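To keep things clear, I will list the structure first and then write my remarks on it.
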Amino acid sequence: MSRGVLVVPERAGVPSGGTRYDLRMADVLRLRVVPVAGGWPMPSAADCAALDKTLAALPTGAVVLVDGLVACAVPEVIGPHSKRLRLGVLVHLPLPDETGLDPVVADTLARKEQQSLSAASLVVTTSAAAARLVRARYDLPEVRVAPPGVDRAPLTRAEPEGRRLVCVAAMTPRKGQDVLVEALGQLEDLSWHLRIAGPPVDARFAAIVQDRIERSGLADRIQLMGTVTGGRLDACYETADLLVLPSHAETFGMVVTEALARGVPVVAGDVGGVPEAVGAEPAGGVLVPPGDPAALARALRRWLTDAEHREELRRAAATRRRQLVTWTEAAKPLERALRDLATVAR
């Protein structure tokens, strides 16, 4: 696809799975990326005006895909422009599903999101689970699915005892690092070390996690690495035996496939599209109920104490690794969706 516009949130210096997805898909499909500044999930009047100006500058009939973080809370902007543009919305995570939202805010976001998605000519999600949820919640006739790809990577050289744990996720309540710290507090009798790699997007929550680590006496066993990208992120995976992702909600969970691409097994919350990322039997990881420190502790204890279980998961991860698709392959469903969008009458 030679043209088309992808409108994304301007999040300079804050890496995320959604940002990586947007940029990799845009690169493969040669979409023009247009960043828009704003505050989410509840944009201000100035944010709305900035998006309105950005969309107004595009030619009538242009094929435009707008990241849901930009589009879903502003139906007053999306609605009018959807009449002039061939406009689609890419939903990474439904806005009301962000952990810790005030119920009134969540209800407001759900109403706005329904209006925005109903106005769009195309809705795309990054997992089948998210597509089912969005279609049912908002009574949409069709939601397309375009899961992320993954970069090929060499196999990690595993430590036999599996003691090197890593959690790659932004520091926000939705990612559940506090649950992970509580679970590991139940495993003080075992040998392990955890690195938490992710930007402190929610400074208050990051401080809570830091305080729990110190109060639990685990400061010498849990390392908070902050923002990690590029070669440092590769090194996190390459020196890990197990990825732990204790999220309360995930549309897909790209870090799961990034770990599996290196043959690193996963223990993760059984939410959203994570089961799709982990894969079917033999699954490349173990799924646990979200927000349940005891269940997470049991899964981690078994990993750390059962050598046969570790080898089974490592073999399953290697199998899943061979099933993963590149970004070029992953872009094909999104390309088809955008080609269909280009045929919408205006």
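For the structure tokens, the naming scheme is as follows: chains receive sequential letters (A, B, ...) according to their order of presentation, residues are indexed from 1 within each chain, and ligands are indexed from 1 in presentation order.
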
Query raised in the report: Residues at most 7 Å from Leu109 in chain A, counting only C-alpha atoms, excluding those fewer than 2 positions away in the same chain, as a PyMOL selection string?
Result: chain A and resi 73+95-96+105-107+111-113

Would you mind exporting the chosen residues as a PDB file, in the first residue's frame, restricted to N, CA and C atoms?
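Written out: again-v6.pdb:
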```
ATOM      1  N   ALA A  73     -12.154   8.773  22.373  1.00  0.00           N
ATOM      2  CA  ALA A  73     -12.808   9.637  23.363  1.00  0.00           C
ATOM      3  C   ALA A  73     -13.330  10.938  22.765  1.00  0.00           C
ATOM      4  N   LEU A  95     -10.852   1.964  25.815  1.00  0.00           N
ATOM      5  CA  LEU A  95     -10.546   2.958  26.843  1.00  0.00           C
ATOM      6  C   LEU A  95     -11.144   2.634  28.212  1.00  0.00           C
ATOM      7  N   PRO A  96     -12.369   2.137  28.308  1.00  0.00           N
ATOM      8  CA  PRO A  96     -12.933   1.879  29.640  1.00  0.00           C
ATOM      9  C   PRO A  96     -12.230   0.745  30.387  1.00  0.00           C
ATOM     10  N   VAL A 105     -15.957   7.968  35.054  1.00  0.00           N
ATOM     11  CA  VAL A 105     -15.091   8.213  33.899  1.00  0.00           C
ATOM     12  C   VAL A 105     -15.167   7.053  32.924  1.00  0.00           C
ATOM     13  N   ALA A 106     -15.132   5.826  33.449  1.00  0.00           N
ATOM     14  CA  ALA A 106     -15.199   4.641  32.589  1.00  0.00           C
ATOM     15  C   ALA A 106     -16.507   4.619  31.787  1.00  0.00           C
ATOM     16  N   ASP A 107     -17.610   4.955  32.431  1.00  0.00           N
ATOM     17  CA  ASP A 107     -18.894   4.976  31.735  1.00  0.00           C
ATOM     18  C   ASP A 107     -18.907   6.044  30.641  1.00  0.00           C
ATOM     19  N   ARG A 111     -19.286   5.393  26.523  1.00  0.00           N
ATOM     20  CA  ARG A 111     -20.283   6.054  25.661  1.00  0.00           C
ATOM     21  C   ARG A 111     -19.608   6.762  24.495  1.00  0.00           C
ATOM     22  N   LYS A 112     -18.526   7.475  24.784  1.00  0.00           N
ATOM     23  CA  LYS A 112     -17.810   8.194  23.731  1.00  0.00           C
ATOM     24  C   LYS A 112     -17.179   7.220  22.730  1.00  0.00           C
ATOM     25  N   GLU A 113     -16.616   6.126  23.262  1.00  0.00           N
ATOM     26  CA  GLU A 113     -15.968   5.156  22.378  1.00  0.00           C
ATOM     27  C   GLU A 113     -16.985   4.514  21.440  1.00  0.00           C
TER      28      GLU A 113
END
```

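Residues in contact with Gly185 in chain A at 9 Å, where only C-alpha atoms are counted and same-chain residues fewer than 2 positions away are skipped, are listed as A:Leu180, A:Val181, A:Glu182, A:Ala183, A:Leu187, A:Glu188, A:Ile213, A:Ser216, A:Gly217, A:Leu218, A:Ala297.
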
Would you export the selected residues with N, CA, C and O atoms as a PDB file, in the first residue's frame, please?
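Full text of out.pdb as output:
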```pdb
ATOM      1  N   LEU A 180       2.822  -8.763  41.285  1.00  0.00           N
ATOM      2  CA  LEU A 180       4.022  -9.585  41.134  1.00  0.00           C
ATOM      3  C   LEU A 180       4.915  -9.494  42.366  1.00  0.00           C
ATOM      4  O   LEU A 180       5.433 -10.516  42.851  1.00  0.00           O
ATOM      5  N   VAL A 181       5.092  -8.292  42.896  1.00  0.00           N
ATOM      6  CA  VAL A 181       5.912  -8.128  44.101  1.00  0.00           C
ATOM      7  C   VAL A 181       5.295  -8.896  45.264  1.00  0.00           C
ATOM      8  O   VAL A 181       5.994  -9.572  46.028  1.00  0.00           O
ATOM      9  N   GLU A 182       3.965  -8.811  45.394  1.00  0.00           N
ATOM     10  CA  GLU A 182       3.300  -9.537  46.472  1.00  0.00           C
ATOM     11  C   GLU A 182       3.469 -11.047  46.311  1.00  0.00           C
ATOM     12  O   GLU A 182       3.687 -11.782  47.289  1.00  0.00           O
ATOM     13  N   ALA A 183       3.378 -11.526  45.068  1.00  0.00           N
ATOM     14  CA  ALA A 183       3.554 -12.961  44.822  1.00  0.00           C
ATOM     15  C   ALA A 183       4.971 -13.404  45.168  1.00  0.00           C
ATOM     16  O   ALA A 183       5.169 -14.453  45.813  1.00  0.00           O
ATOM     17  N   LEU A 187       7.777 -16.225  48.039  1.00  0.00           N
ATOM     18  CA  LEU A 187       8.800 -17.147  47.526  1.00  0.00           C
ATOM     19  C   LEU A 187      10.196 -16.791  48.036  1.00  0.00           C
ATOM     20  O   LEU A 187      11.199 -17.055  47.375  1.00  0.00           O
ATOM     21  N   GLU A 188      10.253 -16.199  49.225  1.00  0.00           N
ATOM     22  CA  GLU A 188      11.537 -15.802  49.775  1.00  0.00           C
ATOM     23  C   GLU A 188      12.450 -16.997  50.046  1.00  0.00           C
ATOM     24  O   GLU A 188      13.671 -16.848  50.130  1.00  0.00           O
ATOM     25  N   ILE A 213       8.381  -3.084  47.398  1.00  0.00           N
ATOM     26  CA  ILE A 213       9.635  -3.839  47.287  1.00  0.00           C
ATOM     27  C   ILE A 213      10.479  -3.639  48.533  1.00  0.00           C
ATOM     28  O   ILE A 213      11.006  -4.598  49.119  1.00  0.00           O
ATOM     29  N   SER A 216       8.912  -5.228  51.692  1.00  0.00           N
ATOM     30  CA  SER A 216       8.929  -6.689  51.693  1.00  0.00           C
ATOM     31  C   SER A 216      10.326  -7.261  51.893  1.00  0.00           C
ATOM     32  O   SER A 216      10.490  -8.475  51.995  1.00  0.00           O
ATOM     33  N   GLY A 217      11.335  -6.377  51.922  1.00  0.00           N
ATOM     34  CA  GLY A 217      12.705  -6.837  52.093  1.00  0.00           C
ATOM     35  C   GLY A 217      13.291  -7.494  50.853  1.00  0.00           C
ATOM     36  O   GLY A 217      14.229  -8.289  50.958  1.00  0.00           O
ATOM     37  N   LEU A 218      12.755  -7.134  49.676  1.00  0.00           N
ATOM     38  CA  LEU A 218      13.196  -7.768  48.430  1.00  0.00           C
ATOM     39  C   LEU A 218      14.033  -6.839  47.558  1.00  0.00           C
ATOM     40  O   LEU A 218      14.271  -7.138  46.389  1.00  0.00           O
ATOM     41  N   ALA A 297       2.007 -16.793  42.600  1.00  0.00           N
ATOM     42  CA  ALA A 297       3.077 -17.385  43.396  1.00  0.00           C
ATOM     43  C   ALA A 297       3.161 -18.891  43.178  1.00  0.00           C
ATOM     44  O   ALA A 297       4.263 -19.460  43.087  1.00  0.00           O
TER      45      ALA A 297
END
```

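Closest to Gly68 in chain A among A:Leu93, A:Leu101, A:Leu87, A:Met254 is A:Leu93, based on only C-alpha atoms.
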
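Of the residues in range 91-235 of chain A, those that DSSP places in strand (DSSP E or B) on the basis of the backbone are Val91, Leu122, Val123, Val124, Thr125, Arg144, Val145, Arg164, Leu165, Val166, Cys167, Val168, His193, Leu194, Arg195, Ile196, Ala197, Ile222, Gln223, Leu224, Met225 and Gly226 of chain A.
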
Hey, can you spit out that residue selection with C-alpha atoms as a PDB file, in the first residue's frame?
```pdb
ATOM      1  CA  VAL A  91      -8.219  -0.125  18.953  1.00  0.00           C
ATOM      2  CA  LEU A 122     -13.524   0.552   9.740  1.00  0.00           C
ATOM      3  CA  VAL A 123     -12.655  -0.756  13.192  1.00  0.00           C
ATOM      4  CA  VAL A 124      -9.504  -2.840  13.689  1.00  0.00           C
ATOM      5  CA  THR A 125      -8.265  -4.550  16.843  1.00  0.00           C
ATOM      6  CA  ARG A 144     -11.320  -6.613  11.727  1.00  0.00           C
ATOM      7  CA  VAL A 145      -8.339  -8.286  13.398  1.00  0.00           C
ATOM      8  CA  ARG A 164      16.286 -15.081  36.039  1.00  0.00           C
ATOM      9  CA  LEU A 165      12.830 -13.494  35.866  1.00  0.00           C
ATOM     10  CA  VAL A 166      11.913 -10.413  33.847  1.00  0.00           C
ATOM     11  CA  CYS A 167       8.782  -8.269  33.609  1.00  0.00           C
ATOM     12  CA  VAL A 168       8.679  -5.930  30.600  1.00  0.00           C
ATOM     13  CA  HIS A 193      16.057 -12.476  40.750  1.00  0.00           C
ATOM     14  CA  LEU A 194      13.594 -10.168  38.992  1.00  0.00           C
ATOM     15  CA  ARG A 195      14.178  -7.233  36.666  1.00  0.00           C
ATOM     16  CA  ILE A 196      11.241  -4.916  35.966  1.00  0.00           C
ATOM     17  CA  ALA A 197      11.802  -2.998  32.728  1.00  0.00           C
ATOM     18  CA  ILE A 222      14.145  -6.962  42.461  1.00  0.00           C
ATOM     19  CA  GLN A 223      15.707  -4.402  40.125  1.00  0.00           C
ATOM     20  CA  LEU A 224      13.640  -1.523  38.735  1.00  0.00           C
ATOM     21  CA  MET A 225      15.299  -0.661  35.428  1.00  0.00           C
ATOM     22  CA  GLY A 226      13.033   2.162  34.243  1.00  0.00           C
TER      23      GLY A 226
END
```

Report task. Would you list the contacts of Ala170 in chain A as an NGL selection string, taking every protein, DNA or RNA residue within 8 Å and counting only C-alpha atoms, but skipping same-chain residues closer than 4 positions in sequence? Result -> :A and (16 or 175 or 197-201)

Report summary line: Nearest to Val244 in chain A, restricted to only C-alpha atoms and choosing among A:Gln177, A:Gln186, A:Thr227, A:Thr19, comes out as A:Gln177

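One distance worth recording is that between CA of Asp22 in chain A and CA of Pro148 in chain A, which is 9.5 Å.
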
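Considering the residues A:Val209, A:Ala146, A:Val28, A:Leu155 and counting only C-alpha atoms, Asp234 in chain A has its shortest atom-to-atom contact with A:Leu155.
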
Query raised in the report: Per DSSP on the backbone, what are the helix (DSSP H, G or I) residues of range 220-317 of chain A, as a PyMOL selection string?
Result: chain A and resi 230-238+254-260+274-278+293-305+307-317

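Here the question is which of A:Lys53, A:Arg24, A:Arg221, A:His248 gets nearest to Asp292 in chain A using only C-alpha atoms, and that residue is A:His248.
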
Report task. Compile the contact shell of Gly162 in chain A as a PyMOL selection string: residues with an atom at most 7 Å away, counting only C-alpha atoms, same-chain residues fewer than 3 positions apart removed. Result -> chain A and resi 159+241-242+304

Give me a file of those residues, with all heavy atoms, as an mmCIF file, in the first residue's frame.
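Written output follows (result_29.cif):
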```
data_model
loop_
_atom_site.group_PDB
_atom_site.id
_atom_site.type_symbol
_atom_site.label_atom_id
_atom_site.label_comp_id
_atom_site.auth_asym_id
_atom_site.auth_seq_id
_atom_site.Cartn_x
_atom_site.Cartn_y
_atom_site.Cartn_z
ATOM 1 N N GLU A 159 19.361 -20.562 31.784
ATOM 2 C CA GLU A 159 19.994 -21.073 32.999
ATOM 3 C C GLU A 159 19.167 -22.265 33.467
ATOM 4 O O GLU A 159 17.945 -22.169 33.565
ATOM 5 C CB GLU A 159 20.001 -19.978 34.064
ATOM 6 C CG GLU A 159 20.620 -20.404 35.371
ATOM 7 C CD GLU A 159 20.412 -19.349 36.448
ATOM 8 O OE1 GLU A 159 19.265 -19.241 36.945
ATOM 9 O OE2 GLU A 159 21.378 -18.641 36.774
ATOM 10 N N ASP A 241 15.187 -16.147 31.895
ATOM 11 C CA ASP A 241 14.697 -17.520 31.809
ATOM 12 C C ASP A 241 13.188 -17.574 31.710
ATOM 13 O O ASP A 241 12.631 -18.535 31.177
ATOM 14 C CB ASP A 241 15.140 -18.319 33.045
ATOM 15 C CG ASP A 241 16.644 -18.415 33.151
ATOM 16 O OD1 ASP A 241 17.288 -18.787 32.146
ATOM 17 O OD2 ASP A 241 17.179 -18.103 34.234
ATOM 18 N N LEU A 242 12.507 -16.541 32.244
ATOM 19 C CA LEU A 242 11.051 -16.530 32.266
ATOM 20 C C LEU A 242 10.561 -15.098 32.217
ATOM 21 O O LEU A 242 11.046 -14.238 32.959
ATOM 22 C CB LEU A 242 10.534 -17.199 33.545
ATOM 23 C CG LEU A 242 9.010 -17.315 33.693
ATOM 24 C CD1 LEU A 242 8.469 -18.405 32.758
ATOM 25 C CD2 LEU A 242 8.625 -17.616 35.140
ATOM 26 N N LEU A 304 10.103 -22.627 39.473
ATOM 27 C CA LEU A 304 11.406 -22.591 40.139
ATOM 28 C C LEU A 304 11.803 -23.913 40.783
ATOM 29 O O LEU A 304 12.990 -24.137 41.052
ATOM 30 C CB LEU A 304 11.412 -21.482 41.193
ATOM 31 C CG LEU A 304 11.359 -20.049 40.651
ATOM 32 C CD1 LEU A 304 11.009 -19.073 41.764
ATOM 33 C CD2 LEU A 304 12.675 -19.665 39.987
#
```

Contacts of Pro141 in chain A at 12 Å (only C-alpha atoms; same-chain gap of 2+ positions) as a short mmCIF file (atom, residue, chain, number, x, y, z; two decimals) with all heavy atoms, in the first residue's frame:
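Final output, saved to selection-v1.cif:
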```cif
data_model
loop_
_atom_site.label_atom_id
_atom_site.label_comp_id
_atom_site.auth_asym_id
_atom_site.auth_seq_id
_atom_site.Cartn_x
_atom_site.Cartn_y
_atom_site.Cartn_z
N LEU A 117 -16.56 4.70 17.39
CA LEU A 117 -16.42 3.48 16.60
C LEU A 117 -17.60 3.28 15.67
O LEU A 117 -17.45 2.77 14.55
CB LEU A 117 -16.24 2.27 17.51
CG LEU A 117 -14.99 2.28 18.39
CD1 LEU A 117 -14.91 1.01 19.21
CD2 LEU A 117 -13.72 2.47 17.56
N SER A 118 -18.78 3.69 16.10
CA SER A 118 -19.96 3.58 15.23
C SER A 118 -19.87 4.53 14.04
O SER A 118 -20.40 4.23 12.96
CB SER A 118 -21.23 3.87 16.04
OG SER A 118 -21.41 2.90 17.06
N ALA A 120 -17.01 5.43 12.56
CA ALA A 120 -15.92 5.03 11.67
C ALA A 120 -16.39 4.03 10.63
O ALA A 120 -17.31 3.23 10.87
CB ALA A 120 -14.78 4.44 12.50
N SER A 121 -15.74 4.03 9.47
CA SER A 121 -16.05 3.08 8.41
C SER A 121 -15.30 1.76 8.59
O SER A 121 -15.62 0.78 7.93
CB SER A 121 -15.69 3.68 7.05
OG SER A 121 -16.46 4.82 6.78
N LEU A 122 -14.32 1.75 9.48
CA LEU A 122 -13.52 0.55 9.74
C LEU A 122 -13.08 0.56 11.19
O LEU A 122 -12.65 1.59 11.70
CB LEU A 122 -12.28 0.53 8.83
CG LEU A 122 -11.21 -0.53 9.14
CD1 LEU A 122 -11.71 -1.92 8.77
CD2 LEU A 122 -9.92 -0.20 8.40
N VAL A 123 -13.19 -0.59 11.85
CA VAL A 123 -12.65 -0.76 13.19
C VAL A 123 -11.72 -1.97 13.17
O VAL A 123 -12.11 -3.04 12.69
CB VAL A 123 -13.76 -0.96 14.25
CG1 VAL A 123 -13.15 -1.21 15.63
CG2 VAL A 123 -14.68 0.26 14.29
N ALA A 131 -11.57 -8.11 19.37
CA ALA A 131 -12.60 -7.91 18.35
C ALA A 131 -13.96 -8.39 18.86
O ALA A 131 -14.98 -7.72 18.67
CB ALA A 131 -12.22 -8.65 17.08
N ARG A 132 -13.98 -9.56 19.50
CA ARG A 132 -15.25 -10.07 20.04
C ARG A 132 -15.81 -9.13 21.09
O ARG A 132 -17.01 -8.84 21.12
CB ARG A 132 -15.04 -11.47 20.64
CG ARG A 132 -14.76 -12.55 19.60
CD ARG A 132 -14.83 -13.93 20.24
NE ARG A 132 -13.78 -14.12 21.24
CZ ARG A 132 -12.58 -14.62 20.97
NH1 ARG A 132 -12.25 -14.94 19.73
NH2 ARG A 132 -11.70 -14.79 21.94
N VAL A 134 -15.20 -5.82 21.58
CA VAL A 134 -15.62 -4.53 21.03
C VAL A 134 -16.89 -4.67 20.22
O VAL A 134 -17.81 -3.84 20.30
CB VAL A 134 -14.47 -3.93 20.18
CG1 VAL A 134 -14.95 -2.75 19.37
CG2 VAL A 134 -13.31 -3.52 21.08
N ARG A 135 -16.98 -5.74 19.41
CA ARG A 135 -18.16 -5.93 18.58
C ARG A 135 -19.41 -6.12 19.45
O ARG A 135 -20.46 -5.53 19.19
CB ARG A 135 -17.95 -7.14 17.68
CG ARG A 135 -19.06 -7.33 16.65
CD ARG A 135 -18.71 -8.39 15.61
NE ARG A 135 -18.39 -9.67 16.22
CZ ARG A 135 -17.20 -10.26 16.17
NH1 ARG A 135 -16.20 -9.66 15.55
NH2 ARG A 135 -17.00 -11.44 16.75
N ALA A 136 -19.28 -6.93 20.50
CA ALA A 136 -20.44 -7.19 21.36
C ALA A 136 -20.79 -5.99 22.22
O ALA A 136 -21.97 -5.64 22.37
CB ALA A 136 -20.15 -8.41 22.25
N ARG A 137 -19.79 -5.34 22.78
CA ARG A 137 -20.04 -4.22 23.69
C ARG A 137 -20.70 -3.06 22.97
O ARG A 137 -21.59 -2.40 23.53
CB ARG A 137 -18.72 -3.77 24.33
CG ARG A 137 -18.87 -2.58 25.27
CD ARG A 137 -17.52 -2.13 25.79
NE ARG A 137 -16.95 -3.08 26.74
CZ ARG A 137 -15.72 -2.97 27.25
NH1 ARG A 137 -14.94 -1.98 26.88
NH2 ARG A 137 -15.28 -3.87 28.10
N TYR A 138 -20.27 -2.80 21.74
CA TYR A 138 -20.74 -1.61 21.04
C TYR A 138 -21.68 -1.93 19.88
O TYR A 138 -22.02 -1.03 19.10
CB TYR A 138 -19.54 -0.80 20.55
CG TYR A 138 -18.67 -0.31 21.69
CD1 TYR A 138 -17.28 -0.45 21.63
CD2 TYR A 138 -19.22 0.26 22.83
CE1 TYR A 138 -16.48 0.00 22.67
CE2 TYR A 138 -18.44 0.69 23.86
CZ TYR A 138 -17.06 0.56 23.79
OH TYR A 138 -16.27 1.00 24.82
N ASP A 139 -22.09 -3.20 19.76
CA ASP A 139 -23.06 -3.61 18.75
C ASP A 139 -22.61 -3.17 17.36
O ASP A 139 -23.37 -2.56 16.60
CB ASP A 139 -24.44 -3.02 19.08
CG ASP A 139 -25.55 -3.65 18.25
OD1 ASP A 139 -25.38 -4.81 17.82
OD2 ASP A 139 -26.57 -2.99 18.01
N VAL A 143 -15.74 -6.10 13.07
CA VAL A 143 -14.47 -5.61 13.59
C VAL A 143 -13.37 -6.48 13.00
O VAL A 143 -13.42 -7.71 13.13
CB VAL A 143 -14.43 -5.67 15.14
CG1 VAL A 143 -13.07 -5.22 15.64
CG2 VAL A 143 -15.54 -4.82 15.74
N ARG A 144 -12.41 -5.87 12.36
CA ARG A 144 -11.32 -6.61 11.73
C ARG A 144 -10.21 -6.86 12.75
O ARG A 144 -10.06 -6.13 13.73
CB ARG A 144 -10.79 -5.83 10.53
CG ARG A 144 -11.85 -5.43 9.52
CD ARG A 144 -12.37 -6.59 8.70
NE ARG A 144 -11.44 -6.93 7.64
CZ ARG A 144 -11.48 -6.40 6.40
NH1 ARG A 144 -12.43 -5.53 6.08
NH2 ARG A 144 -10.61 -6.77 5.49
#
```

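Minimum atom-to-atom distances from A:Gly284, A:Pro265, A:Gly291, A:Gly100 to Asp202 in chain A were compared using only C-alpha atoms, and the lowest value belongs to A:Gly100.
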
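Each of A:Gly253, A:Leu190, A:Val36, A:Glu98 was checked against Thr54 in chain A using only C-alpha atoms; the smallest atom-to-atom distance is that of A:Val36.
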
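Shell of Ala57 in chain A at 12 Å, with only C-alpha atoms counted and residues fewer than 5 places along the chain excluded, is Val5, Val34, Ala50, Leu51, Asp52, Ala62, Val64, His81, Arg84 and Leu85 of chain A.
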
For those residues, write N, CA and C atoms to a file as a PDB file, in the first residue's frame.
```pdb
ATOM      1  N   VAL A   5      -2.816   7.334   5.705  1.00  0.00           N
ATOM      2  CA  VAL A   5      -2.320   8.099   6.848  1.00  0.00           C
ATOM      3  C   VAL A   5      -2.645   7.348   8.126  1.00  0.00           C
ATOM      4  N   VAL A  34       1.259  10.537  11.291  1.00  0.00           N
ATOM      5  CA  VAL A  34       0.993  11.906  11.743  1.00  0.00           C
ATOM      6  C   VAL A  34       0.751  11.868  13.248  1.00  0.00           C
ATOM      7  N   ALA A  50      -6.680  20.251  18.216  1.00  0.00           N
ATOM      8  CA  ALA A  50      -5.483  19.821  17.489  1.00  0.00           C
ATOM      9  C   ALA A  50      -5.804  18.667  16.547  1.00  0.00           C
ATOM     10  N   LEU A  51      -6.595  17.697  17.022  1.00  0.00           N
ATOM     11  CA  LEU A  51      -6.973  16.581  16.163  1.00  0.00           C
ATOM     12  C   LEU A  51      -7.865  17.044  15.020  1.00  0.00           C
ATOM     13  N   ASP A  52      -8.802  17.935  15.331  1.00  0.00           N
ATOM     14  CA  ASP A  52      -9.692  18.470  14.295  1.00  0.00           C
ATOM     15  C   ASP A  52      -8.884  19.167  13.205  1.00  0.00           C
ATOM     16  N   ALA A  62      -9.379  10.786   1.678  1.00  0.00           N
ATOM     17  CA  ALA A  62      -8.135  10.144   2.093  1.00  0.00           C
ATOM     18  C   ALA A  62      -8.430   8.937   2.987  1.00  0.00           C
ATOM     19  N   VAL A  64      -7.601   7.092   6.144  1.00  0.00           N
ATOM     20  CA  VAL A  64      -7.000   7.531   7.406  1.00  0.00           C
ATOM     21  C   VAL A  64      -7.340   6.513   8.496  1.00  0.00           C
ATOM     22  N   HIS A  81     -15.654  14.241  10.619  1.00  0.00           N
ATOM     23  CA  HIS A  81     -14.610  13.943   9.636  1.00  0.00           C
ATOM     24  C   HIS A  81     -14.829  12.595   8.957  1.00  0.00           C
ATOM     25  N   ARG A  84     -16.295  12.863   5.543  1.00  0.00           N
ATOM     26  CA  ARG A  84     -15.476  13.394   4.451  1.00  0.00           C
ATOM     27  C   ARG A  84     -14.305  12.487   4.108  1.00  0.00           C
ATOM     28  N   LEU A  85     -13.795  11.796   5.114  1.00  0.00           N
ATOM     29  CA  LEU A  85     -12.622  10.936   4.941  1.00  0.00           C
ATOM     30  C   LEU A  85     -13.036   9.469   4.956  1.00  0.00           C
TER      31      LEU A  85
END
```
